[in-house]
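Enquirer: Dropping in input-v7.txt, with compact mmCIF, C-alpha atoms.
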# COMPACT_ATOMS: atom_id res chain seq x y z
CA MET A 1 185.12 127.44 79.32
CA GLN A 2 183.47 124.22 78.18
CA GLU A 3 181.94 123.71 81.62
CA LYS A 4 180.40 127.24 81.66
CA LEU A 5 178.87 126.70 78.21
CA THR A 6 177.34 123.37 79.22
CA LYS A 7 175.86 124.93 82.38
CA LEU A 8 174.38 127.80 80.39
CA LEU A 9 172.69 125.43 77.96
CA LYS A 10 171.24 123.42 80.83
CA ASP A 11 169.85 126.54 82.47
CA ARG A 12 168.24 127.63 79.19
CA ARG A 13 166.59 124.22 78.73
CA MET A 14 165.32 124.38 82.29
CA LEU A 15 163.93 127.82 81.77
CA GLY A 16 162.34 126.74 78.51
CA GLY A 17 160.68 123.76 80.13
CA LEU A 18 159.46 125.91 83.01
CA GLY A 19 158.06 128.42 80.57
CA ALA A 20 156.18 125.74 78.67
CA ALA A 21 154.72 124.41 81.90
CA ILE A 22 153.64 127.89 82.93
CA LEU A 23 152.06 128.40 79.51
CA ILE A 24 150.06 125.15 79.84
CA ILE A 25 148.89 126.18 83.29
CA VAL A 26 147.84 129.61 82.04
CA ILE A 27 145.89 128.08 79.15
CA ALA A 28 144.21 125.62 81.53
CA VAL A 29 143.29 128.43 83.88
CA LEU A 30 141.84 130.46 81.03
CA ILE A 31 139.77 127.51 79.80
CA HIS A 32 138.75 126.66 83.34
CA GLY A 33 137.75 130.23 83.94
CA ARG A 34 135.39 130.21 80.95
CA THR A 35 133.47 127.18 82.20
CA VAL A 36 131.12 126.95 85.15
CA ASN A 37 130.92 124.17 87.70
CA VAL A 38 127.20 123.88 88.38
CA LEU A 39 127.79 121.43 91.21
CA GLN A 40 128.72 124.29 93.51
CA ASN A 41 126.32 125.14 96.31
CA LYS A 42 125.34 128.47 94.81
CA TYR A 43 124.03 126.68 91.73
CA PHE A 44 122.84 123.37 93.11
CA GLU A 45 122.45 121.62 96.44
CA PRO A 46 120.16 118.56 96.66
CA LYS A 47 117.41 118.50 99.27
CA TYR A 48 115.79 115.35 100.60
CA GLU A 49 112.31 114.50 101.87
CA GLY A 50 110.53 111.45 103.20
CA ILE A 51 111.23 108.78 105.76
CA ASP A 52 114.51 106.96 106.31
CA THR A 53 114.86 104.14 103.71
CA GLN A 54 112.06 105.73 101.66
CA GLY A 55 113.55 109.17 101.08
CA TYR A 56 113.88 110.94 97.74
CA ILE A 57 115.51 113.97 96.17
CA THR A 58 112.91 116.71 95.93
CA TYR A 59 111.65 117.78 92.54
CA LYS A 60 112.63 121.34 93.40
CA SER A 61 116.24 120.20 93.74
CA ARG A 62 116.18 118.54 90.34
CA TYR A 63 114.62 121.61 88.76
CA GLN A 64 117.33 123.76 90.33
CA LEU A 65 120.09 121.76 88.61
CA TYR A 66 118.53 121.94 85.15
CA LYS A 67 117.62 125.59 85.60
CA SER A 68 121.19 126.47 86.57
CA ILE A 69 122.56 124.73 83.48
CA GLY A 70 119.91 126.26 81.25
CA ASP A 71 120.39 129.80 82.59
CA ILE A 72 124.17 129.63 82.14
CA LEU A 73 123.88 128.35 78.56
CA ALA A 74 121.22 130.94 77.76
CA LYS A 75 123.40 133.77 79.03
CA LYS A 76 126.47 132.58 77.14
CA ALA A 77 124.45 132.03 73.95
CA LYS A 78 122.90 135.51 74.37
CA LEU A 79 119.27 134.41 74.43
CA THR A 80 116.67 137.03 75.21
CA GLU A 81 114.72 136.96 78.49
CA MET A 82 111.64 135.75 76.65
CA GLU A 83 113.58 132.95 74.97
CA THR A 84 115.19 131.92 78.26
CA GLU A 85 111.85 131.86 80.05
CA ALA A 86 110.22 129.77 77.31
CA ILE A 87 113.05 127.23 77.05
CA VAL A 88 114.44 127.03 80.59
CA GLY A 89 111.66 128.39 82.79
CA ASP A 90 111.84 127.09 86.34
CA GLY A 91 113.78 124.01 85.28
CA SER A 92 110.79 121.68 85.42
CA ASN A 93 111.27 120.91 81.71
CA THR A 94 114.32 118.92 82.91
CA SER A 95 115.63 116.68 80.11
CA TYR A 96 113.71 118.64 77.45
CA ILE A 97 116.08 121.52 78.11
CA LEU A 98 119.07 119.38 77.14
CA ASP A 99 117.65 117.28 74.31
CA GLY A 100 116.61 120.33 72.29
CA ASP A 101 112.87 119.77 72.30
CA LYS A 102 112.11 123.11 73.96
CA VAL A 103 114.34 124.94 71.47
CA ASN A 104 112.62 123.18 68.59
CA ASP A 105 109.21 124.13 69.98
CA TYR A 106 110.25 127.75 70.30
CA LEU A 107 111.73 127.88 66.77
CA GLU A 108 108.59 126.34 65.32
CA GLU A 109 106.34 128.83 67.06
CA HIS A 110 108.41 131.99 66.44
CA TYR A 111 110.44 131.11 63.35
CA PHE A 112 109.24 133.96 61.16
CA ASP A 113 109.58 136.51 63.97
CA LEU A 114 113.24 135.70 64.67
CA SER A 115 116.26 137.33 63.08
CA ASN A 116 119.09 135.22 61.71
CA THR A 117 121.18 136.23 64.72
CA ASP A 118 118.44 135.03 67.09
CA LYS A 119 118.33 131.71 65.27
CA GLU A 120 122.12 131.37 65.52
CA HIS A 121 121.97 132.01 69.26
CA LEU A 122 119.25 129.41 69.71
CA SER A 123 121.20 126.89 67.62
CA LEU A 124 124.27 127.51 69.75
CA PHE A 125 122.27 126.93 72.95
CA LYS A 126 120.87 123.71 71.49
CA ARG A 127 124.34 122.45 70.46
CA TRP A 128 125.84 123.15 73.86
CA ALA A 129 122.89 121.53 75.63
CA SER A 130 123.16 118.40 73.48
CA GLU A 131 126.79 117.98 74.57
CA ILE A 132 125.80 117.64 78.24
CA THR A 133 124.61 114.56 80.09
CA ILE A 134 123.70 114.18 83.76
CA SER A 135 124.03 110.94 85.69
CA VAL A 136 123.15 110.16 89.29
CA SER A 137 124.34 107.20 91.33
CA VAL A 138 123.61 106.05 94.87
CA ASN A 139 126.44 104.42 96.80
CA GLY A 140 128.34 103.94 93.56
CA LYS A 141 125.49 102.37 91.59
CA GLU A 142 123.35 104.05 88.96
CA THR A 143 119.89 103.31 90.30
CA SER A 144 116.67 104.99 91.33
CA THR A 145 117.12 107.99 93.61
CA SER A 146 114.05 107.02 95.62
CA GLY A 147 114.21 104.67 98.59
CA LEU A 148 117.07 106.68 100.11
CA LYS A 149 118.22 106.34 103.69
CA ASN A 150 120.26 108.64 105.91
CA GLY A 151 123.95 108.16 105.22
CA ASP A 152 123.55 107.17 101.57
CA LYS A 153 126.03 108.80 99.20
CA VAL A 154 124.44 110.35 96.14
CA THR A 155 126.82 111.30 93.36
CA PHE A 156 125.90 113.75 90.59
CA GLU A 157 128.10 113.81 87.52
CA ILE A 158 127.95 116.35 84.73
CA LYS A 159 129.55 115.03 81.58
CA VAL A 160 130.46 117.10 78.53
CA ALA A 161 131.31 115.55 75.18
CA LYS A 162 135.12 115.26 74.99
CA ASP A 163 135.44 117.19 71.73
CA ALA A 164 133.40 120.05 73.26
CA GLU A 165 134.91 120.41 76.75
CA LYS A 166 136.97 123.49 75.81
CA LYS A 167 134.08 125.39 74.23
CA ASN A 168 131.03 124.36 76.25
CA PRO A 169 130.21 126.83 79.07
CA ILE A 170 129.44 123.98 81.48
CA ARG A 171 132.40 122.29 83.14
CA ALA A 172 132.52 118.51 83.41
CA SER A 173 132.31 117.88 87.13
CA LYS A 174 131.41 115.34 89.76
CA LYS A 175 130.32 115.71 93.37
CA THR A 176 129.08 113.37 96.09
CA TYR A 177 126.49 114.41 98.66
CA LYS A 178 125.55 112.61 101.87
CA VAL A 179 121.85 112.05 102.52
CA SER A 180 120.65 113.41 105.84
CA GLY A 181 117.56 114.85 107.50
CA LEU A 182 115.14 112.05 106.62
CA LYS A 183 112.61 111.27 109.34
CA GLU A 184 113.35 108.23 111.44
CA ARG A 185 110.85 105.37 111.12
CA LYS A 186 108.79 104.28 114.09
CA THR A 187 109.60 100.79 115.34
CA ILE A 188 106.76 98.27 115.75
CA SER A 189 107.34 94.89 117.36
CA LEU A 190 105.53 91.71 116.35
CA SER A 191 104.28 91.37 119.93
CA SER A 192 102.36 94.64 119.54
CA VAL A 193 100.97 93.48 116.20
CA TYR A 194 99.54 90.39 117.92
CA SER A 195 98.50 92.17 121.14
CA ASN A 196 94.80 92.74 121.90
CA SER A 197 93.98 90.39 119.03
CA ASN A 198 94.89 93.16 116.58
CA LEU A 199 95.79 90.62 113.93
CA LYS A 200 92.63 88.66 113.21
CA MET A 201 92.03 85.62 111.04
CA LYS A 202 88.69 84.86 109.40
CA ALA A 203 87.69 81.73 107.52
CA GLU A 204 85.03 81.87 104.81
CA GLY A 205 83.35 79.18 102.74
CA VAL A 206 82.47 75.58 103.47
CA GLU A 207 84.43 72.74 104.99
CA SER A 208 86.25 71.08 102.13
CA LYS A 209 89.60 69.65 101.14
CA HIS A 210 89.28 71.71 97.94
CA LYS A 211 90.82 75.18 98.33
CA SER A 212 88.26 76.67 95.94
CA GLU A 213 85.53 76.10 98.54
CA ASN A 214 87.04 78.13 101.39
CA SER A 215 89.62 80.78 102.15
CA ILE A 216 91.62 82.31 104.98
CA GLN A 217 91.71 86.10 105.39
CA PHE A 218 93.75 88.22 107.78
CA SER A 219 93.02 91.76 108.91
CA TYR A 220 94.73 94.23 111.22
CA THR A 221 92.58 96.33 113.55
CA GLY A 222 95.28 98.14 115.54
CA LYS A 223 95.84 101.89 115.75
CA GLN A 224 98.27 101.96 112.84
CA LYS A 225 96.76 101.15 109.47
CA LEU A 226 99.09 98.34 108.49
CA ASP A 227 98.99 96.74 105.06
CA LEU A 228 99.35 92.95 105.34
CA GLY A 229 100.20 92.59 101.66
CA ASP A 230 99.79 89.03 100.39
CA LEU A 231 99.65 87.38 103.81
CA ASP A 232 96.34 85.73 102.85
CA ASP A 233 97.95 84.05 99.85
CA SER A 234 100.59 82.44 102.06
CA TYR A 235 97.92 80.37 103.82
CA ASP A 236 95.11 80.29 101.28
CA ASN A 237 96.58 77.32 99.45
CA LYS A 238 94.60 74.35 100.72
CA GLY A 239 91.17 73.33 101.94
CA TYR A 240 90.24 73.73 105.60
CA VAL A 241 87.75 72.37 108.09
CA ASN A 242 86.72 73.92 111.39
CA GLY A 243 89.25 73.14 114.08
CA ASN A 244 92.29 73.19 111.78
CA LYS A 245 95.30 75.07 113.12
CA VAL A 246 96.92 77.84 111.07
CA THR A 247 100.34 79.03 112.27
CA VAL A 248 101.52 82.41 111.02
CA LYS A 249 105.31 82.31 110.84
CA ALA A 250 107.18 85.37 112.07
CA SER A 251 109.40 85.39 108.95
CA THR A 252 106.36 85.42 106.64
CA LEU A 253 104.57 88.17 108.54
CA LEU A 254 107.71 90.33 108.84
CA LYS A 255 108.32 90.03 105.09
CA GLU A 256 104.83 91.27 104.21
CA LEU A 257 104.87 94.06 106.81
CA ARG A 258 108.28 95.35 105.72
CA GLU A 259 107.47 95.25 102.01
CA ASN A 260 104.12 97.01 102.36
CA ASN A 261 104.65 99.48 105.23
CA PRO A 262 107.84 101.42 104.50
CA ASP A 263 107.02 104.10 107.09
CA TYR A 264 107.67 101.66 109.92
CA LYS A 265 110.49 99.42 111.11
CA PHE A 266 109.38 95.96 112.21
CA THR A 267 111.23 93.78 114.69
CA GLY A 268 110.63 90.72 116.81
CA SER A 269 110.15 86.99 116.50
CA GLY A 270 107.67 84.30 117.41
CA ASN A 271 104.93 82.50 115.51
CA HIS A 272 101.22 82.80 116.24
CA THR A 273 98.61 80.04 115.87
CA TYR A 274 94.93 80.47 114.99
CA THR A 275 92.06 77.98 114.95
CA VAL A 276 89.80 77.79 111.91
CA SER A 277 86.12 78.40 112.69
CA GLY A 278 83.02 79.78 111.01
CA LEU A 279 83.02 77.51 107.95
CA VAL A 280 79.75 75.97 106.88
CA ASP A 281 79.85 72.38 108.11
CA LYS A 282 77.51 69.40 108.15
CA SER A 283 75.64 70.80 111.13
CA ALA A 284 74.40 73.76 109.07
CA ASP A 285 70.63 74.27 109.17
CA TYR A 286 69.22 74.28 105.61
CA SER A 287 65.53 74.23 106.56
CA LYS A 288 64.92 77.75 105.24
CA LEU A 289 66.11 76.62 101.80
CA VAL A 290 63.67 73.70 101.79
CA ASN A 291 60.86 75.97 102.97
CA TYR A 292 61.63 78.42 100.15
CA VAL A 293 61.51 75.68 97.50
CA ASP A 294 58.24 74.36 98.94
CA SER A 295 56.68 77.85 98.82
CA GLU A 296 57.76 78.38 95.21
CA LYS A 297 56.42 74.96 94.28
CA LYS A 298 53.03 75.81 95.79
CA LYS A 299 52.90 79.17 93.95
CA GLU A 300 53.43 77.41 90.63
CA GLU A 301 50.91 74.72 91.41
CA ASP A 302 48.33 77.38 92.23
CA SER A 303 49.08 79.19 88.96
CA LYS A 304 48.18 76.09 86.94
CA ILE A 305 51.21 76.71 84.68
CA VAL A 306 53.45 73.65 84.29
CA TYR A 307 56.75 73.67 82.38
CA SER A 308 58.82 70.70 81.24
CA THR A 309 61.28 71.21 84.10
CA SER A 310 58.69 72.64 86.43
CA ILE A 311 59.30 72.90 90.16
CA THR A 312 55.91 71.21 90.56
CA LYS A 313 57.54 67.92 89.51
CA LEU A 314 59.76 67.83 92.57
CA GLY A 315 59.13 64.71 94.63
CA ASP A 316 60.98 63.70 97.77
CA LEU A 317 64.10 65.55 98.92
CA GLN A 318 67.04 63.15 98.63
CA LYS A 319 70.23 65.16 99.13
CA VAL A 320 71.43 68.71 99.90
CA TYR A 321 74.80 70.15 98.82
CA VAL A 322 76.34 73.55 99.59
CA GLY A 323 79.36 75.35 98.17
CA ARG A 324 80.78 78.84 97.64
CA ASP A 325 78.98 81.07 95.17
CA THR A 326 81.97 82.36 93.21
CA TYR A 327 79.79 84.53 90.98
CA SER A 328 78.38 86.67 93.78
CA ASP A 329 80.08 89.56 95.57
CA GLY A 330 81.16 88.97 99.14
CA ASN A 331 80.92 85.77 101.15
CA LYS A 332 77.95 84.04 99.47
CA TYR A 333 76.93 80.43 98.97
CA GLU A 334 75.06 78.25 96.54
CA ALA A 335 73.08 75.10 97.26
CA ILE A 336 71.80 72.23 95.15
CA LEU A 337 68.76 70.35 96.46
CA VAL A 338 68.31 66.93 94.86
CA TYR A 339 64.75 65.57 94.50
CA THR A 340 63.07 62.58 92.95
CA ASN A 341 60.93 63.27 89.90
CA SER A 342 57.23 62.90 90.73
CA ASP A 343 56.49 62.43 87.03
CA SER A 344 56.77 58.67 86.72
CA ASP A 345 56.54 58.88 82.91
CA SER A 346 59.69 61.00 82.65
CA ASP A 347 63.06 59.47 81.79
CA GLU A 348 64.64 61.85 84.28
CA LYS A 349 64.40 60.19 87.64
CA THR A 350 66.26 62.93 89.50
CA LEU A 351 65.75 66.71 89.46
CA TYR A 352 68.06 69.40 90.80
CA CYS A 353 66.98 72.74 92.23
CA LYS A 354 69.80 75.26 92.41
CA LEU A 355 69.80 78.26 94.76
CA ASP A 356 72.52 80.93 94.82
CA GLY A 357 73.38 84.21 96.55
CA LEU A 358 72.84 82.56 99.96
CA THR A 359 74.22 83.73 103.28
CA PHE A 360 75.25 81.79 106.38
CA LYS A 361 74.39 83.29 109.75
CA ASN A 362 73.93 81.82 113.20
CA GLY A 363 74.41 78.35 111.80
CA LYS A 364 71.64 78.76 109.19
CA LEU A 365 71.75 78.95 105.40
CA GLN A 366 69.26 81.58 104.23
CA GLY A 367 68.56 84.35 101.75
CA ALA A 368 67.15 82.33 98.85
CA ASP A 369 65.17 84.55 96.48
CA ASN A 370 65.44 82.72 93.16
CA TYR A 371 65.85 79.18 91.91
CA ARG A 372 66.82 77.32 88.77
CA MET A 373 65.66 73.82 87.81
CA THR A 374 68.10 71.53 86.02
CA SER A 375 68.29 67.90 85.08
CA ASP A 376 71.88 67.53 86.28
CA GLY A 377 74.04 69.02 89.01
CA ASP A 378 77.78 69.44 89.45
CA VAL A 379 78.34 68.70 93.13
CA ASP A 380 81.87 67.26 93.00
CA ASP A 381 83.54 69.85 95.29
CA MET A 382 80.48 70.75 97.36
CA LEU A 383 79.77 69.80 100.96
CA GLN A 384 76.93 67.28 101.38
CA LEU A 385 74.59 68.26 104.21
CA LYS A 386 71.96 65.50 103.66
Output the file's structure in the form of structure tokens.
Expert:
Amino acid sequence: MQEKLTKLLKDRRMLGGLGAAILIIVIAVLIHGRTVNVLQNKYFEPKYEGIDTQGYITYKSRYQLYKSIGDILAKKAKLTEMETEAIVGDGSNTSYILDGDKVNDYLEEHYFDLSNTDKEHLSLFKRWASEITISVSVNGKETSTSGLKNGDKVTFEIKVAKDAEKKNPIRASKKTYKVSGLKERKTISLSSVYSNSNLKMKAEGVESKHKSENSIQFSYTGKQKLDLGDLDDSYDNKGYVNGNKVTVKASTLLKELRENNPDYKFTGSGNHTYTVSGLVDKSADYSKLVNYVDSEKKKEEDSKIVYSTSITKLGDLQKVYVGRDTYSDGNKYEAILVYTNSDSDSDEKTLYCKLDGLTFKNGKLQGADNYRMTSDGDVDDMLQLK
């Protein structure tokens, strides 16, 4: 008898425990049934555009997610069609839908036209929206969703405040999507970059050990419009003279090409050496500058007007200096011609005639169209021609 009673009690406890478990499951199902998982394909499915390694989630995809959340909340909160359109729209309001700004704007504009019930519905929408946050991670890290490549794993997570999970219409959920469909990048080898002299080097300025007086510039003339980034800066860090060798390292060139041309994939190895040429050197012909000064001197002598630092006081030409004209646009030069002072009574024994905006072509300095007389000249970094 005792054994039968014990068995009966055990069976009742088992049935009671089973009943409680069933009750919990039923409650969970009911709660689950009231919430919506917006990370289902019918509500949201991310689309990608761009080139492999530079892909991005389309704006339309993002709008779709926010619109789905907004439409569901609006329906549950019993907003009117006009209210839903103003607050949710096509989803392009994105975060403003969730942070309440659009609801606030609508209340401010229509406050006196709304019934108390309408205001309660809008307040309910705003409360539910404020309980939701959206986070996106790429390959497990919360980072920018641009610069995507095929195969990346993009995870969307919808979070709902813990104290609101049972009442908020949106279900806390998480889903990972695999990036695909991005266009493959075209591969360009360094040998093709160098071929047919596509990568050119040009030297500008005057021969000098001072880097301020000359510069190295690279340009690409191939079919693809490649951006060389800061390649110039990698070699524009010292003074040059004609005949110097400049070796472009493969690692340096690849770095600049990859950073500044994301549409292409660059491969290859091998350095390339250029020879510096085209700088103004001591063989430069400055006769046109002297002729210009002589003609200006004659004009002033003929005018009978003599100033204290007049060009008419120039005596014999002693020295000629040339340097870069840093105040002019483009590749221009300045020159300082040093003369004796023909006025024997003057304390200034030397006069300086400065010319700027000059050009250098076919070995000749030319283009002088104005001058400035001065009693001193800063020629420290300039190249002396005479």
Enquirer: Could you tell me how far CA of Ala74 (chain A) sits from CA of Ala129 (chain A), in Å to one decimal place?
Expert: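 Calculated distance between CA of Ala129 (chain A) and CA of Ala74 (chain A) is 9.8 Å.
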Enquirer: Using CA of Ser287 (chain A) and CA of Asp369 (chain A) as the two end points, give the distance in Å to one decimal.
Expert: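 These atoms are spaced 14.4 Å apart.
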Enquirer: Counting only C-alpha atoms, figure out which residue out of A:Ala164, A:Val179, A:Leu351, A:Leu148 gets nearest to Ile51 (chain A).
Expert: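 Using only C-alpha atoms, Ile51 (chain A) sits closest to A:Leu148.
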Enquirer: Which residues are near region 83-94 of chain A? Cut-off 7 Å, all atoms listed in the file, ignore same chain within fewer than 6 positions. Put them as a PyMOL selection string.
Expert: chain A and resi 63-64+66-67+70-71+74+102-103
Enquirer: Store the residues picked out above in a file with C-alpha atoms, as a PDB file, in the coordinates of the input.
Expert:
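Below you can see part30.pdb, which holds the result:
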ATOM      1  CA  TYR A  63     114.620 121.610  88.760  1.00  0.00           C
ATOM      2  CA  GLN A  64     117.330 123.760  90.330  1.00  0.00           C
ATOM      3  CA  TYR A  66     118.530 121.940  85.150  1.00  0.00           C
ATOM      4  CA  LYS A  67     117.620 125.590  85.600  1.00  0.00           C
ATOM      5  CA  GLY A  70     119.910 126.260  81.250  1.00  0.00           C
ATOM      6  CA  ASP A  71     120.390 129.800  82.590  1.00  0.00           C
ATOM      7  CA  ALA A  74     121.220 130.940  77.760  1.00  0.00           C
ATOM      8  CA  LYS A 102     112.110 123.110  73.960  1.00  0.00           C
ATOM      9  CA  VAL A 103     114.340 124.940  71.470  1.00  0.00           C
TER      10      VAL A 103
END
Enquirer: Determine the nearest neighbour of Ile216 (chain A) from the options A:Ser173, A:Ser277, A:Thr145, A:Thr267, counting only C-alpha atoms.
Expert: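 Counting only C-alpha atoms, the residue closest to Ile216 (chain A) is A:Ser277.
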Enquirer: As an exercise, work out the distance from CA of Leu39 (chain A) to CA of Gly100 (chain A) in Å and give it to one decimal place.
Expert: 22.0 Å
Enquirer: Set the distance at 6 Å and use all atoms listed in the file: which residues neighbour region 225-242 of chain A once local chain neighbours fewer than 5 positions away are removed? I'd like the list as number ranges by chain.
Expert: A: 207-211, 215-217, 256-257, 260, 276-277
Enquirer: Residues near Ile158 (chain A), anyone? I mean within 8 Å using only C-alpha atoms, not counting same-chain ones fewer than 4 positions away, as a ChimeraX atom specification.
Expert: /A:132-135,171-174
Enquirer: Choose the residue, out of A:Val322, A:Leu199, A:Leu385, A:Leu190, that has the smallest atom-to-atom separation from Lys265 (chain A); count only C-alpha atoms.
Expert: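 Smallest distance to Lys265 (chain A) is found for A:Leu190.
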Enquirer: In terms of the shortest atom-to-atom distance over all atoms listed in the file, which of A:Thr252, A:Asn341, A:Asn41, A:Ser115 is closest to Gly315 (chain A)?
Expert: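 Among the listed residues, A:Asn341 lies closest to Gly315 (chain A).
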Enquirer: Do you know which residues lie at most 12 Å from (65.8, 73.3, 104.8), with coordinates as in the file and only C-alpha atoms counted, and could you write them as a PyMOL selection string?
Expert: chain A and resi 283-295+317-322+335-337+355+364-368+385-386
Enquirer: Find the spatial neighbours of Lys298 (chain A), counting all atoms listed in the file, within a cut-off of 12 Å - ignore same-chain residues fewer than 5 positions away - and output them as an MDAnalysis selection string.
Expert: chainID A and resid 291:293 303:306 310:314
